[in-house]
Amino acid sequence: MTRDLGEFCARFVAPLLGGGTVHVAAPVRPADFRAMTGGLATLRSGEVAALRLQRAQQLVAEPDLQEPGAEELALWVALYNLLVLDHPDRSRVWARQATWRRVESAARYWLLFSRPEGFSAALANHAAVGAFLELARRDQILSGAEGELRFVGQEIPRRRLRWTVPGALSVREETVTWWSTAHVAEVSALQQDVLWASPVTCLLRPLMAPPGYSPLEGASFLRHRAFARAVCHAWASSRHWIEIGGTVLGSLLFSLTGRPLSGPTPSSGATGAASAGRPMLALPAPVDTAGPEDVAALVAALIHVHFLRVLELGARLGVAPTSRDRPVQMFLALPLLLPALGEVLGSPLGGAAEGLGFDAQVERRWIEYIDHLGELIPRSVVENLLATLVPRVVKAETEP
Amino acid sequence: MARRGAATLPVPMPALLEPIAAGQTRFHLQGLAPDARGVACGRETLVAFPSLDRLVAFLGAYSEECSLDELIPTMTIERARREGGGHALLMRCAGTDSYALDRLGRLSLAVHGQLFTGSGTVFVRYRDRMAPFGYDLAGSTTTAASPEEVLVVDFDVAARYRALDRLDPVELIQRLSLRQIPLPLAGIASDPQLCGLHEIALVLVAPGLSDRVLSYLWSNQVPLAGVRVALAGERRASLLVRLRQPSGQVLDVLHGIPGVELLAPVSQRAAVEIGYRHPIHLASASSCLPGDEMYLFRGRVGRVERLDGAPQFIDGAHLVRSETAARVHEPGDARGTAVQALKVELRLRPTASIREPRGALIRWEQAGLLRRLIYLIPPMALAAARLAVLPQGMLVLTGSSLGGAAGLAAGVGAAAIIPLGMRIVEVAPGVLVPDGFELWPHVRPQLVRELLGLEAADHALFLGTEQSPLRLRPDHLAPLDAAMMSRLELAVIEASPSETPTSGPATLQNERLGRFALWGFGEAGRGGRAVAVEEPSETPELPPGRES
């Protein structure tokens with residue numbers, strides 16, 4: 001790989017952020033990384049900065065992005081080396097296994113190094129990681145009498161097609177999402193570190209979050225009104241909004257109480273280190289900095305998801321009440337806590353005294369929805385939440 | 001008591017028939033064989049009718065359902081006497097399969113007939129619900145009938161019939177008397193089908209009435225064809241007239257004339273007088289009418305007329321005698337002599353009538369004013385207006401004369417808004433004259449276009465009484481807005497990178513990895529460090545809890 005930052009951005013970063021072909025060849029060495037950090041100033045007004053801004057604008061209208069720094073470059077380099085570790089020609093390289101482990105360690109270090117400190121850095125990381133999750137790979141499959149040969153993200157070499165009888169071989173293409181395909185063990189372990197490096201991505205896609213993830217990590221970002229709106233709409237627009245809500249609330253209660261709940265937890269379907277048969281190298285971080293405001297912001301966001309679904313007439317509870325998942329039931333019970341939480345969180349209706357026109361319809365729909373929930377959700381679930389969750393919001397707020 | 005009880009008990013009769021089992025192939029009765037369904041069918045079928053009218057009813061019902069032509073070639077009808085007393089009519093025909101026999105059985109049952117199957121002189125009962133595969137003789141001891149007799153075996157009785165005489169079925173059908181059916185009280189015209197005469201009607205006219213009937217039909221312009229036919233027993237030939245799609249009124253008139261009979265064709269070679277019906281459906285019994293003769297079934301007189309061959313009808317024009325043809329003659333061609341003297345000139349003349357302005361002819365001196373007025377014209381009117389550049393000035397047209405969407409969308413029109421030049425009005429579609437003038441004499445508007453030789457989208461413009469009109473073709477008329485607007489120059493700018501839209505997810509391409517792709521990776525680690533990353537001096541502290 002080159003030591004030139006411009007070439008690296010042109011071949012990897014810019015296509016990743018803006019769409020295009022990402023070229024993967026030799027890995028970036030630490031020395032190359034150190035050389036590239038010297039040229040970071042050139043990125044301030046280049047194409048990469050514009051694409052990065054544009055990516056962030058897909059989430060919030062006016063993102064307050066800082067200039068790309070060493071941490072962000074470390075994330076890009078780590079993502080690149082992650083792709084190198086999954087390269088199909090890896091066996092051709094004359095290197096010992098220990099050398100490959102160094103590549104893996106370097107990538108893990110850079111991912112750890114790139115963990116964001118504030119919302120601006122988290123948004124920048126989400127621009128890269130979000131694009132990385134969508135990265136597609138075009139495989140070419142050569143079919144013949146002897147079977148199929150898959151060329152992973154590569155063109156079929158011409159020598160394969162030479163000296164063949166016409167019609168004996170057939171070529172077809174498959175486009176897959178790189179993230180969801182099978183990977184080698186090192187890459188599967190590093191995928192969790194990638195997600196740890198982007199709490200905004202984990203907050204937007206809680207079903208993909210790594211084991212041990214707590215939504216409180218990104219809860220402080222919800223204080224930004226535009227971002228909170230984006231998160232609520234991202235959750236509410238999903239077909240699995242009930243499952244998402246259950247996952248977020250389950251992991252939140254796990255973080256608060258330390259007791260796991262049965263049911264969906266973050267990354268239950270994600271490729272984890274445990275599934276790869278390796279010790280977990282990146283441990284989840286305990287969230288001890290989160291305050292009651294963060295808990296209140298998360299709970300308010302979850303309740304707002306209910307309200308958005310009611311607005312879109314999409315709150316169908318035909319399947320959800322049949323689920324016995326505790327977190328899902330708790331998520332569905334959240335609007336029933338509004339009498340207790342309303343003093344702190346407010347009301348989705350904005351506290352209008354007497355709605356007219358559309359507001360009156362929405363108010364009627366919301367009241368009907370809450371009545372419907374009251375009939376469906378067991379009383380024990382509500383009482384459990386009143387004992388565990390509500391004091392974390394209300395009492396902490398009222399305490400001086 | 002025992003003797004008295006024994007005297008009242010019925011004496012069990014030995015059964016003469018036994019049901020046939022499924023799959024049975026050997027039978028006591030000779031000639032009986034299973035068909036494709038396993039039903040036992042003989043080579044012949046016998047239907048016994050108690051009287052002649054039942055037989056006729058059976059033939060009528062059969063002809064309505066299917067063709068008698070299949071039945072008649074093998075059919076014989078015999079009048080027979082029963083050995084124990086009584087008469088019956090026996091109809092014999094070939095036994096085909098159980099489907100045909102089922103139909104015969106169903107129809108014969110409806111007219112109180114009985115169906116038997118067998119061959120030669122012995123017949124047994126056909127299948128019923130108790131024996132779905134039919135019946136066979138219970139034993140071979142049944143006395144065989146003589147060649148002149150027919151033995152009919154039922155469950156418990158065997159009847160012998162001796163044939164007295166034989167009836168020809170074709171002759172029987174031809175001799176059947178017609179049955180009267182009611183005609184509409186309000187006349188034939190009230191029937192939508194005209195009693196079967198709506199397509200073709202045959203009219204049989206007595207010899208003395210033929211001329212008058214022909215003249216009546218000819219004077220009413222009824223398409224007709226006729227032929228003189230000689231009926232049996234009459235000295236003079238009658239007239240047979242064929243009317244195609246006659247009107248109900250004509251048929252009503254003809255039906256009321258004594259000596260005139262209306263006949264409805266029921267097949268190619270048979271016609272039946274209206275108000276009567278043949279017991280047999282003749283359309284399905286063409287073999288009942290042998291030869292090439294045509295049969296006219298006359299109900300009122302009760303006769304069947306046989307005509308030798310199909311009648312060769314002659315067109316009605318040759319049958320009537322017209323006396324007025326000599327006095328009618330063509331007027332001759334006088335167009336070349338008198339029309340020249342009648343020609344007048346189409347010209348402009350002043351008028352006081354008020355018309356809606358359709359355009360304005362603006363002199364070139366006022367072009368600058370028009371250019372400024374363009375800004376005041378509403379968008380719809382501006383888009384609908386057209387401009388023609390003429391040596392006399394600029395002609396602005398709008399309104400219905402343009403046709404299509406431009407004419408419909410015009411509304412008030414730009415020409416009515418522009419207070420410049422000479423107003424132009426429309427006296428005919430596409431014919432424009434100055435306001436205050438009209439074309440004289442008043443002729444049809446479409447004729448004006450034809451006289452001027454205008455094509456579909458052409459316009460004609462009269463500018464004065466002394467000037468010849470101008471022809472404006474569609475290519476002379478340009479949209480007013482496009483003609484008046486100056487060309488705009490667009491500056492090409494390059495979009496900033498921040499405005500370039502993202503083109504979707506990126507695609508991964510693995511390039512060829514060389515043998516020395518990891519060359520130099522972790523060289524610094526040879527000193528003993530496990531992690532060969534050259535950590536920068538400004539490496540930030542790890543977040544809490546991640547040190548491990």
# chains A, B, ... in the order shown; residues from 1 in each chain; ligands from 1

$ residues_around --residues "range 11-25 of chain A" --least-positions-apart "5" --cutoff "9 Å" --atoms "only C-alpha atoms" --output "ChimeraX atom specification"
/A:1,6,47-48,51-52,54-55,76,80-81,83-84,87,127-128,130-132,135 /B:500-514,517

$ residues_around --residues "Tyr135 in chain B" --least-positions-apart "2" --cutoff "10 Å" --atoms "only C-alpha atoms" --output "compact mmCIF listing (two decimals) with N, CA and C atoms, in the first residue's frame"
# COMPACT_ATOMS: atom_id res chain seq x y z
N LEU B 16 -87.77 -64.52 -14.77
CA LEU B 16 -87.30 -64.84 -16.12
C LEU B 16 -85.98 -64.14 -16.44
N LEU B 17 -85.70 -63.09 -15.71
CA LEU B 17 -84.47 -62.33 -15.99
C LEU B 17 -83.60 -62.32 -14.74
N GLU B 18 -82.35 -62.16 -14.94
CA GLU B 18 -81.45 -61.99 -13.82
C GLU B 18 -80.51 -60.83 -14.14
N PRO B 19 -80.17 -60.05 -13.10
CA PRO B 19 -79.28 -58.91 -13.35
C PRO B 19 -77.89 -59.38 -13.75
N ILE B 20 -77.27 -58.58 -14.54
CA ILE B 20 -75.91 -58.88 -15.02
C ILE B 20 -74.92 -58.28 -14.04
N ALA B 21 -73.92 -59.08 -13.69
CA ALA B 21 -72.92 -58.60 -12.76
C ALA B 21 -71.87 -57.78 -13.50
N PHE B 27 -73.30 -64.57 -21.56
CA PHE B 27 -74.72 -64.37 -21.31
C PHE B 27 -75.49 -65.53 -21.92
N LEU B 29 -78.48 -65.06 -23.33
CA LEU B 29 -79.11 -64.56 -24.55
C LEU B 29 -78.04 -64.34 -25.61
N LEU B 32 -76.03 -60.79 -27.01
CA LEU B 32 -75.84 -59.79 -25.96
C LEU B 32 -74.33 -59.67 -25.69
N VAL B 39 -72.13 -52.37 -19.93
CA VAL B 39 -73.57 -52.53 -20.00
C VAL B 39 -73.90 -53.50 -21.15
N ALA B 40 -74.76 -54.45 -20.86
CA ALA B 40 -75.09 -55.44 -21.89
C ALA B 40 -76.02 -54.82 -22.92
N CYS B 41 -75.61 -54.87 -24.18
CA CYS B 41 -76.40 -54.32 -25.28
C CYS B 41 -76.49 -55.39 -26.36
N PHE B 116 -86.46 -52.58 -25.07
CA PHE B 116 -85.87 -53.91 -24.92
C PHE B 116 -84.66 -53.98 -25.82
N THR B 117 -83.76 -54.84 -25.43
CA THR B 117 -82.57 -55.04 -26.24
C THR B 117 -82.38 -56.53 -26.49
N VAL B 124 -84.78 -58.71 -24.31
CA VAL B 124 -84.93 -58.64 -22.86
C VAL B 124 -84.97 -57.17 -22.45
N ARG B 125 -85.38 -57.00 -21.23
CA ARG B 125 -85.53 -55.64 -20.70
C ARG B 125 -84.16 -54.97 -20.63
N TYR B 126 -84.17 -53.67 -20.93
CA TYR B 126 -82.91 -52.90 -20.86
C TYR B 126 -82.64 -52.56 -19.41
N ARG B 127 -81.48 -52.11 -19.12
CA ARG B 127 -81.03 -51.90 -17.74
C ARG B 127 -81.88 -50.82 -17.06
N ASP B 128 -81.96 -50.94 -15.77
CA ASP B 128 -82.62 -49.93 -14.96
C ASP B 128 -81.83 -49.77 -13.67
N MET B 130 -82.20 -51.14 -10.77
CA MET B 130 -81.93 -52.37 -10.05
C MET B 130 -80.80 -53.16 -10.68
N ALA B 131 -80.65 -53.02 -11.99
CA ALA B 131 -79.58 -53.75 -12.67
C ALA B 131 -78.86 -52.78 -13.59
N PRO B 132 -77.84 -52.11 -13.07
CA PRO B 132 -77.19 -51.07 -13.88
C PRO B 132 -76.47 -51.63 -15.10
N PHE B 133 -76.17 -52.93 -15.10
CA PHE B 133 -75.47 -53.48 -16.28
C PHE B 133 -76.43 -54.24 -17.19
N LEU B 137 -81.25 -63.46 -19.68
CA LEU B 137 -82.23 -64.50 -19.41
C LEU B 137 -81.78 -65.32 -18.22
N ALA B 138 -82.77 -65.72 -17.40
CA ALA B 138 -82.42 -66.47 -16.21
C ALA B 138 -81.89 -67.85 -16.57
N VAL B 153 -89.11 -60.44 -23.27
CA VAL B 153 -89.04 -61.01 -21.93
C VAL B 153 -88.84 -59.88 -20.93
N ASP B 154 -89.77 -59.86 -19.95
CA ASP B 154 -89.65 -58.88 -18.86
C ASP B 154 -89.34 -59.66 -17.58
N PHE B 155 -89.50 -59.01 -16.43
CA PHE B 155 -89.17 -59.70 -15.19
C PHE B 155 -89.93 -61.03 -15.05

$ residues_around --residues "Ser247 in chain B" --least-positions-apart "6" --cutoff "9 Å" --atoms "only C-alpha atoms" --output "list of chain:residue names"
B:Ala189, B:Leu194, B:His198, B:Val222

$ write_last_selection --atoms "C-alpha atoms" --output "PDB file, in the first residue's frame"
ATOM      1  CA  ALA B 189     -95.801  -7.794 -37.057  1.00  0.00           C
ATOM      2  CA  LEU B 194     -92.320 -12.683 -37.412  1.00  0.00           C
ATOM      3  CA  HIS B 198     -87.905 -12.621 -40.389  1.00  0.00           C
ATOM      4  CA  VAL B 222     -90.201  -5.505 -51.254  1.00  0.00           C
TER       5      VAL B 222
END

$ residues_around --residues "Val28 in chain A" --least-positions-apart "2" --cutoff "10 Å" --atoms "only C-alpha atoms" --output "NGL selection string"
(:A and (1-3 or 8 or 25-26 or 30-33 or 77-78 or 80-81 or 84 or 103 or 106-107)) or (:B and (517-518 or 521))

$ select_by_dssp --residues "range 47-180 of chain A" --states "strand (DSSP E)" --output "PDB file with C-alpha atoms, in the first residue's frame"
ATOM      1  CA  ALA A 136     -21.102  -4.606  -1.302  1.00  0.00           C
ATOM      2  CA  ARG A 137     -18.937  -7.258  -2.844  1.00  0.00           C
ATOM      3  CA  ARG A 138     -19.388  -8.583  -6.348  1.00  0.00           C
ATOM      4  CA  ASP A 139     -18.381 -12.219  -6.673  1.00  0.00           C
ATOM      5  CA  GLN A 140     -17.957 -14.030  -9.950  1.00  0.00           C
ATOM      6  CA  ILE A 141     -18.774 -17.707 -10.009  1.00  0.00           C
ATOM      7  CA  LEU A 142     -17.385 -20.014 -12.627  1.00  0.00           C
ATOM      8  CA  SER A 143     -19.537 -23.093 -13.129  1.00  0.00           C
ATOM      9  CA  GLY A 144     -18.374 -26.123 -14.989  1.00  0.00           C
ATOM     10  CA  GLY A 147     -18.246 -27.759  -9.854  1.00  0.00           C
ATOM     11  CA  GLU A 148     -18.283 -24.103  -9.020  1.00  0.00           C
ATOM     12  CA  LEU A 149     -15.362 -21.805  -8.365  1.00  0.00           C
ATOM     13  CA  ARG A 150     -16.080 -18.528  -6.603  1.00  0.00           C
ATOM     14  CA  PHE A 151     -13.828 -15.514  -7.152  1.00  0.00           C
ATOM     15  CA  SER A 170     -20.729 -20.535 -17.403  1.00  0.00           C
ATOM     16  CA  VAL A 171     -20.080 -17.360 -15.451  1.00  0.00           C
ATOM     17  CA  ARG A 172     -22.518 -15.642 -13.177  1.00  0.00           C
ATOM     18  CA  GLU A 173     -22.287 -12.759 -10.750  1.00  0.00           C
ATOM     19  CA  GLU A 174     -23.525 -12.425  -7.226  1.00  0.00           C
ATOM     20  CA  THR A 175     -23.566  -9.229  -5.240  1.00  0.00           C
ATOM     21  CA  VAL A 176     -23.456  -9.695  -1.490  1.00  0.00           C
ATOM     22  CA  THR A 177     -23.114  -7.356   1.452  1.00  0.00           C
TER      23      THR A 177
END

$ atom_distance --atom1 "CA of Leu202 in chain B" --atom2 "CA of Leu240 in chain B"
6.7 Å

$ residues_around --residues "Pro116 in chain A" --least-positions-apart "6" --cutoff "9 Å" --atoms "only C-alpha atoms" --output "CSV table (one decimal) with C-alpha atoms, in the first residue's frame"
chain,number,residue,atom,x,y,z
A,71,GLU,CA,-8.3,9.1,15.1
A,72,GLU,CA,-10.5,9.2,12.0
A,122,ALA,CA,-19.0,9.9,16.7
A,123,LEU,CA,-20.8,11.4,13.8
A,124,ALA,CA,-17.6,11.3,11.7
A,125,ASN,CA,-17.0,7.7,12.7
A,197,ALA,CA,-15.8,2.4,17.4
A,198,SER,CA,-19.1,3.9,16.3
A,199,PRO,CA,-21.6,4.3,19.1

$ atom_distance --atom1 "CA of Leu176 in chain B" --atom2 "CA of His278 in chain B"
7.6 Å

$ residues_around --residues "range 105-114 of chain B" --least-positions-apart "2" --cutoff "9 Å" --atoms "only C-alpha atoms" --output "ChimeraX atom specification"
/B:46-50,54-55,57-58,61-62,100-103,116,125-126

$ write_last_selection --atoms "N, CA and C atoms" --output "mmCIF file, in the first residue's frame"
data_model
loop_
_atom_site.group_PDB
_atom_site.id
_atom_site.type_symbol
_atom_site.label_atom_id
_atom_site.label_comp_id
_atom_site.auth_asym_id
_atom_site.auth_seq_id
_atom_site.Cartn_x
_atom_site.Cartn_y
_atom_site.Cartn_z
ATOM 1 N N LEU B 46 -85.507 -52.790 -29.434
ATOM 2 C CA LEU B 46 -86.942 -52.866 -29.708
ATOM 3 C C LEU B 46 -87.651 -51.931 -28.737
ATOM 4 N N VAL B 47 -88.476 -51.050 -29.292
ATOM 5 C CA VAL B 47 -89.284 -50.167 -28.456
ATOM 6 C C VAL B 47 -90.736 -50.486 -28.765
ATOM 7 N N ALA B 48 -91.473 -50.822 -27.733
ATOM 8 C CA ALA B 48 -92.888 -51.169 -27.903
ATOM 9 C C ALA B 48 -93.736 -49.997 -27.459
ATOM 10 N N PHE B 49 -94.623 -49.522 -28.383
ATOM 11 C CA PHE B 49 -95.508 -48.406 -28.079
ATOM 12 C C PHE B 49 -96.934 -48.919 -28.059
ATOM 13 N N PRO B 50 -97.767 -48.423 -27.144
ATOM 14 C CA PRO B 50 -99.149 -48.908 -27.099
ATOM 15 C C PRO B 50 -100.000 -48.383 -28.248
ATOM 16 N N ARG B 54 -98.373 -42.331 -29.592
ATOM 17 C CA ARG B 54 -97.201 -42.400 -28.726
ATOM 18 C C ARG B 54 -95.932 -42.511 -29.562
ATOM 19 N N LEU B 55 -96.012 -43.286 -30.631
ATOM 20 C CA LEU B 55 -94.853 -43.424 -31.512
ATOM 21 C C LEU B 55 -94.497 -42.082 -32.147
ATOM 22 N N ALA B 57 -95.212 -39.142 -30.961
ATOM 23 C CA ALA B 57 -94.657 -38.273 -29.919
ATOM 24 C C ALA B 57 -93.195 -38.624 -29.655
ATOM 25 N N PHE B 58 -92.885 -39.906 -29.689
ATOM 26 C CA PHE B 58 -91.493 -40.323 -29.478
ATOM 27 C C PHE B 58 -90.600 -39.788 -30.602
ATOM 28 N N ALA B 61 -90.110 -36.048 -30.149
ATOM 29 C CA ALA B 61 -89.175 -35.714 -29.065
ATOM 30 C C ALA B 61 -87.749 -36.065 -29.444
ATOM 31 N N TYR B 62 -87.580 -37.180 -30.141
ATOM 32 C CA TYR B 62 -86.233 -37.592 -30.540
ATOM 33 C C TYR B 62 -85.645 -36.605 -31.551
ATOM 34 N N ALA B 100 -76.596 -44.367 -26.405
ATOM 35 C CA ALA B 100 -77.752 -44.191 -27.282
ATOM 36 C C ALA B 100 -78.972 -44.899 -26.721
ATOM 37 N N LEU B 101 -78.758 -46.069 -26.120
ATOM 38 C CA LEU B 101 -79.897 -46.797 -25.565
ATOM 39 C C LEU B 101 -80.465 -46.062 -24.352
ATOM 40 N N ASP B 102 -79.606 -45.409 -23.578
ATOM 41 C CA ASP B 102 -80.117 -44.629 -22.445
ATOM 42 C C ASP B 102 -81.029 -43.523 -22.937
ATOM 43 N N ARG B 103 -80.615 -42.872 -24.012
ATOM 44 C CA ARG B 103 -81.447 -41.796 -24.549
ATOM 45 C C ARG B 103 -82.780 -42.351 -25.066
ATOM 46 N N PHE B 116 -86.459 -52.576 -25.072
ATOM 47 C CA PHE B 116 -85.871 -53.908 -24.915
ATOM 48 C C PHE B 116 -84.659 -53.981 -25.819
ATOM 49 N N ARG B 125 -85.376 -56.998 -21.234
ATOM 50 C CA ARG B 125 -85.531 -55.637 -20.699
ATOM 51 C C ARG B 125 -84.159 -54.966 -20.629
ATOM 52 N N TYR B 126 -84.167 -53.669 -20.933
ATOM 53 C CA TYR B 126 -82.913 -52.898 -20.859
ATOM 54 C C TYR B 126 -82.640 -52.561 -19.406
#

$ residues_around --residues "Val310 in chain A" --least-positions-apart "5" --cutoff "12 Å" --atoms "only C-alpha atoms" --output "list of chain:residue names"
A:Ala236, A:Ser237, A:Ile303, A:His304, A:Val305, A:Ala315, A:Arg316, A:Leu317, A:Pro335, A:Pro348, A:Leu349, A:Gln361, A:Val362, A:Glu363, A:Arg364, A:Arg365, A:Trp366, A:Ile367, A:Glu368, A:Tyr369, A:Ile370, A:His372

$ atom_distance --atom1 "CA of Leu337 in chain A" --atom2 "CA of Val382 in chain A"
7.3 Å

$ closest_residue --among "A:Ala185, A:Val194, A:Val60, A:Leu40" --to "Ser114 in chain A" --atoms "only C-alpha atoms"
A:Val194

$ select_by_dssp --residues "range 31-143 of chain B" --states "alpha helix (DSSP H)" --output "list in words"
Leu52, Asp53, Arg54, Leu55, Val56, Ala57, Phe58, Leu59, Gly60, Ala61, Tyr62, Ser63, Glu64, Glu65, Ser98, Tyr99, Ala100, Leu101, Asp102, Arg103, Leu104, Gly105, Arg106, Leu107, Ser108, Leu109 and Ala110 of chain B
